[in-house]
Amino acid sequence: MTQTPILSRDQSSTPSLAQPRIMDDLDQLEAQSIFILREAYRKLKPLSLLWSLGKDSNVMVWLARKAFMGHVPFPVMHVDTEKKFPEMYAFRDEYTKKWNLDLLLGYCPPVEEIDPSLPPAARSAARKTAGLAAMIDKHKFRGVIAGIRRDEQATRAKERVFSPRGAGHRWDVRNQPPEFWDQYATPYEDGMHIRVHPLLSWREIDIWRYIERENIPLVDLYFAKDGKRYRSLGDQDITSPVESNASTVAEVIAELETSRTSERAGRAMDHESEDVFERLRVAGYL
Amino acid sequence: MGDNIVTGQYSETHRAAATPIVIVGHVDHGKSSLIGRLLYDTDSLQDGKLAQIVESSRKRGLAVEWSFLLDSLQIERDQGVTVDSTRIPFRLGSREFVIVDAPGHRQFLRNMITGAADAEAAVLVVDAKEGAQEQTRRHAMLLRLIGIRHVIVLLNKSDLLEFDEAKIVKVESDVRQLLGRLEIEVEAVVPASARDGDNIASRSERALWYKGPTLVEALANVPPPASRAALPFRMPVQDVYRFDGVRYVAGRIERGTVRAGDRLSIGAQGQVATVAEVCRWHAPELPVAGAGESIALRLEPDLVPDRGDLLFPADDKAAAPERSARIRTRLFWLRGEPLRVGESFTLRLATAEHDVTVASIDAVVDLEDLTLREGDSVPPDGFAEITLAASHAVLFDPFAPGFGDGRGVLVDRYQRIVGGAPLIGPAELADGEHAIHPTASRVSAARQVQTRGHKSGVFWLTGLPGSGKSTVARAAELALSEQAINATVLDGDTLRAGLCSDLGFSPEDRRENIRRAAHVAKILAESGQVVIVALVSPLEADRAQARQIVGENFHEVFVDTPLETCEKRDPKGLYAAARSGKIPEFTGVSAPYESPVAPELRLPADRPEQEAVSALAAFILRLVQP
């Protein structure tokens with residue numbers, strides 16, 4: 001195997017038996033995510049990982065490389081709304097090469113084809129759902145790894161680590177399978193797929209601390225320019241920056257330690273009506 | 001491989017992971033209100049959340065409802081019940097917690113398990129005035145079975161008892177007695193009011209006699225998880241990879257530690273290998289790994305273990321796991337239909353999968369008083385002790401609260417998780433008892449449907465002798481074959497010519513005949529076949545037994561030809577013989593026929609036979625279509 005250089009550690013008390021590291025919270029989250037990714041790779045074929053180019057999905061790609069000794073042994077999928085920031089496209093091209101990723105590109109239908117009863121920003125966001133559904137059908141994926149977290153949004157807090165999607169990719173929130181003791185659902189009917197959520201237990205600040213610890217690259221839109229930065233990256237027209245002077249990972253972490261606003265405050269669709277997010281998710285939105 | 005330079009900062013502060021706390025209890029005893037209050041009192045609300053609660057409450061014309069904070073799904077707010085568990089982080093001083101809110105509604109037990117199974121401690125909310133109720137007992141039982149180590153009891157709504165010491169001490173003693181029966185150690189019993197905030201974060205002015213901890217103090221006292229590092233090593237193999245010409249045996253260490261140079265036994269076959277290297281990617285290099293780590297091992301010799309093989313120390317007999325093909329286990333049962341002896345499942349144990357059959361139901365928990373009773377089935381959402389027979393020896397460690405050992409899960413042929421099985425230990429065989437270890441098909445129901453193009457089912461035709469059961473069954477068999485559906489007909493005379501040739505027509509023999517037919521039908525249906533049974537099966541009780549044997553695939557069809565018609569037809573001359581006394585106990589003449597009360601399909605005699613055949617074939621087609 002390719003050896004990783006040794007991290008400087010205190011080797012002075014070296015006699016015979018080295019002791020394992022005491023696992024801190026990030027070690028535990030990492031170990032759990034690796035376990036989940038390995039379960040997905042073993043149980044769900046064909047499998048793909050949704051790479052939105054945001055911080056969470058970069059962490060997810062990184063964790064996949066941890067799980068598979070530096071490799072990502074399944075394709076990563078970018079479902080392009082064609083309205084992302086130019087910085088994101090540049091990032092995608094650079095790291096597809098650097099990380100040796102098998103990139104699949106999907107495109108989204110125009111907004112005119114989307115359910116007109118949705119509020120405007122949600123309708124725009126629903127384009128991604130339609131694009132994703134088309135990709136899943138085309139490649140007949142049985143597993144799709146997605147980087148959602150429980151702490152992002154109340155509806156996501158109800159999710160399973162392995163979340164079955166039935167016909168039409170619908171999420172049956174009222175009838176989810178039991179999930180306990182690290183035993184996950186597997187597809188039981190043709191046409192079903194499983195959404196796999198390795199980051200479900202991570203919080204926003206854990207993501208940032210892990211990015212700092214592992215030195216994971218990010219699009220620099222996350223860092224403050226002229227007193228503003230993006231805390232969450234969606235489409236250009238429905239995502240707005242927040243007031244911030246945090247221009248490094250460490251500064252972002254310091255800012256989050258004291259922040260009391262929600263991460264998705266800059267996502268327009270979350271504020272349009274009380275139930276819009278649940279409606280989007282039932283139909284297959286992440 | 002790029003990026004292989006570790007430049008990040010590995011924390012030396014050892015920030016502990018958040019402690020998961022599950023809140024359980026009977027519906028309306030105040031779980032969600034408690035959580036809302038706890039978040040408010042510990043200042044854990046995000047900006048805007050409080051305003052949202054006030055606004056939501058106002059819209060519905062209610063006073064401020066703490067529980068709205070959690071009930072984020074529309075359905076929950078509209079019905080006023082929590083439908084699925086949810087998780088909320090909060091902080092007490094330097095310690096982080098995650099609250100798991102579990103629903104109280106009985107049909108949502110599986111959601112509660114989903115939320116509660118990885119909690120370190122539980123708060124059991126009990127209405128001080130109502131005391132322990134059905135779900136209080138159910139949830140307490142579950143806390144024990146899923147292995148929660150620390151339980152705090154919150155006597156909510158104590159204001160309804162005016163915080164009266166004598167009354168509260170009485171409730172406390174009842175609850176302690178209940179939990180004592182479950183061998184649950186109670187950390188504290190806190191008289192409180194979530195609505196008013198008494199003894200949640202601050203000490204109640206109304207219960208000055210109470211010297212125990214507030215809820216927040218009791219939570220802060222929950223010890224951190226027990227270390228699993230000192231126990232003998234266990235790693236269930238999760239997968240085996242080959243990358244860059246190197247074979248990696250991947251898995252998560254359940255307990256103990258592993259070092260380069262350790263000799264390990266692999267699974268039940270007894271192969272032994274030495275750990276050549278403990279491998280990680282982009283992590284501090286260490287020749288050792290401990291409980292909880294997801295790692296990869298390089299073995300020498302370069303063996304290829306199977307997923308599910310347990311790796312454990314090779315040279316220390318005392319450190320070996322249990323090994324048995326018969327396992328005694330506790331059970332929490334999640335399927336909508338009862339569990340019966342003889343049913344087969346896949347037992348998932350960490351990453352291993354074993355074919356098992358329920359050999360016996362040893363005791364069923366009575367939820368009225370939490371005692372063990374005899375029983376021949378486990379009801380939906382019920383608890384029991386059962387014995388599983390596996391097709392081969394299983395390596396396992398008995399279940400213990402707070403550890404990953406022995407956490408079995410039963411999965412049915414539809415890949416549904418139907419039960420949790422905290423393993424107790426190897427099952428003893430009584431003297432003279434002959435152990436049978438039935439095997440179940442490994443072909444999933446979905447795969448059978450795929451290869452055959454249709455689902456299976458048992459269509460049980462009952463009716464008087466001469467009513468036309470066999471004729472209709474055979475004609476339907478032919479009609480179905482034209483639709484590419486293979487059906488098997490089991491009719492009375494054919495069975496009695498062979499399999500049941502030792503049986504007569506006494507009630508006992510008739511029952512045995514039906515029992516055998518039902519078992520054959522079941523075996524055929526489990527292999528994906530459509531089965532049409534044509535048997536007089538005159539007694540309701542015998543048909544009920546057949547239904548029980550076959551299970552959810554059983555469909556009763558009544559060939560409803562009146563006695564006069566049958567007797568007039570008398571194709572085999574049997575009625576004439578019976579009337580003349582040559583055949584004793586002949587159904588309809590000298591033995592009773594009990595018509596089905598609610599058959600799924602009724603084939604009346606006043607129509608041409610071809611119509612009955614079409615109706616039966618259409619009925620079957622509809623039910624077996626994928």
# chains A, B, ... in the order shown; residues from 1 in each chain; ligands from 1
$ residues_around --residues "Ile532 (chain B)" --least-positions-apart "4" --cutoff "7 Å" --atoms "only C-alpha atoms" --output "list in words"
Val458, Phe459, Trp460, Ala473, Ala487, Thr488, Val489 and Leu490 of chain B
$ residues_around --residues "Val72 (chain A)" --least-positions-apart "2" --cutoff "12 Å" --atoms "only C-alpha atoms" --output "number ranges by chain"
A: 37-38, 41, 47-49, 60-70, 74-76, 96, 99-103; B: 1, 243
$ select_by_dssp --residues "region 100-282 of chain A" --states "strand (DSSP E)" --output "short mmCIF file (atom, residue, chain, number, x, y, z; two decimals) with N, CA and C atoms, in the first residue's frame"
data_model
loop_
_atom_site.label_atom_id
_atom_site.label_comp_id
_atom_site.auth_asym_id
_atom_site.auth_seq_id
_atom_site.Cartn_x
_atom_site.Cartn_y
_atom_site.Cartn_z
N LEU A 103 -16.69 10.97 -13.14
CA LEU A 103 -17.76 11.98 -13.04
C LEU A 103 -18.88 11.73 -14.05
N LEU A 104 -20.11 11.69 -13.54
CA LEU A 104 -21.29 11.61 -14.41
C LEU A 104 -22.00 12.95 -14.35
N LEU A 105 -22.32 13.53 -15.50
CA LEU A 105 -23.02 14.80 -15.50
C LEU A 105 -24.48 14.60 -15.89
N GLY A 106 -25.37 15.22 -15.11
CA GLY A 106 -26.79 15.19 -15.44
C GLY A 106 -27.29 16.62 -15.57
N TYR A 107 -28.32 16.81 -16.37
CA TYR A 107 -28.85 18.15 -16.55
C TYR A 107 -30.31 18.21 -16.12
N GLY A 143 -28.44 2.57 -5.39
CA GLY A 143 -27.99 3.34 -4.24
C GLY A 143 -27.50 4.71 -4.69
N VAL A 144 -27.93 5.76 -3.99
CA VAL A 144 -27.45 7.11 -4.28
C VAL A 144 -27.02 7.72 -2.95
N ILE A 145 -25.75 8.07 -2.84
CA ILE A 145 -25.22 8.61 -1.60
C ILE A 145 -25.39 10.13 -1.62
N PHE A 162 -30.18 4.74 5.65
CA PHE A 162 -30.55 4.13 4.38
C PHE A 162 -32.04 4.39 4.20
N SER A 163 -32.38 5.26 3.25
CA SER A 163 -33.76 5.70 3.13
C SER A 163 -34.36 5.19 1.82
N PRO A 164 -35.28 4.24 1.90
CA PRO A 164 -35.83 3.66 0.67
C PRO A 164 -36.69 4.66 -0.11
N ARG A 165 -36.55 4.65 -1.43
CA ARG A 165 -37.39 5.46 -2.31
C ARG A 165 -38.15 4.51 -3.22
N HIS A 193 -34.87 2.55 -5.09
CA HIS A 193 -33.47 2.77 -4.77
C HIS A 193 -33.37 3.25 -3.33
N ILE A 194 -32.14 3.25 -2.83
CA ILE A 194 -31.91 3.66 -1.45
C ILE A 194 -31.08 4.93 -1.48
N ARG A 195 -31.53 5.96 -0.77
CA ARG A 195 -30.70 7.13 -0.54
C ARG A 195 -29.85 6.85 0.69
N VAL A 196 -28.56 6.97 0.53
CA VAL A 196 -27.65 6.69 1.64
C VAL A 196 -27.13 8.02 2.19
N LYS A 228 -19.12 39.67 3.22
CA LYS A 228 -20.16 38.68 2.99
C LYS A 228 -19.54 37.35 2.56
N ARG A 229 -20.23 36.24 3.00
CA ARG A 229 -19.79 34.93 2.51
C ARG A 229 -21.02 34.03 2.36
N VAL A 242 -24.40 35.58 3.51
CA VAL A 242 -24.68 36.14 4.84
C VAL A 242 -23.58 37.13 5.21
N GLU A 243 -23.90 38.02 6.14
CA GLU A 243 -22.91 38.96 6.65
C GLU A 243 -21.84 38.19 7.40
#
$ closest_residue --among "A:Arg92, A:His71, A:Lys55, A:His139" --to "chain B" --atoms "only C-alpha atoms"
A:His71
$ atom_distance --atom1 "CA of Asp220 (chain A)" --atom2 "CA of Thr239 (chain A)"
15.4 Å
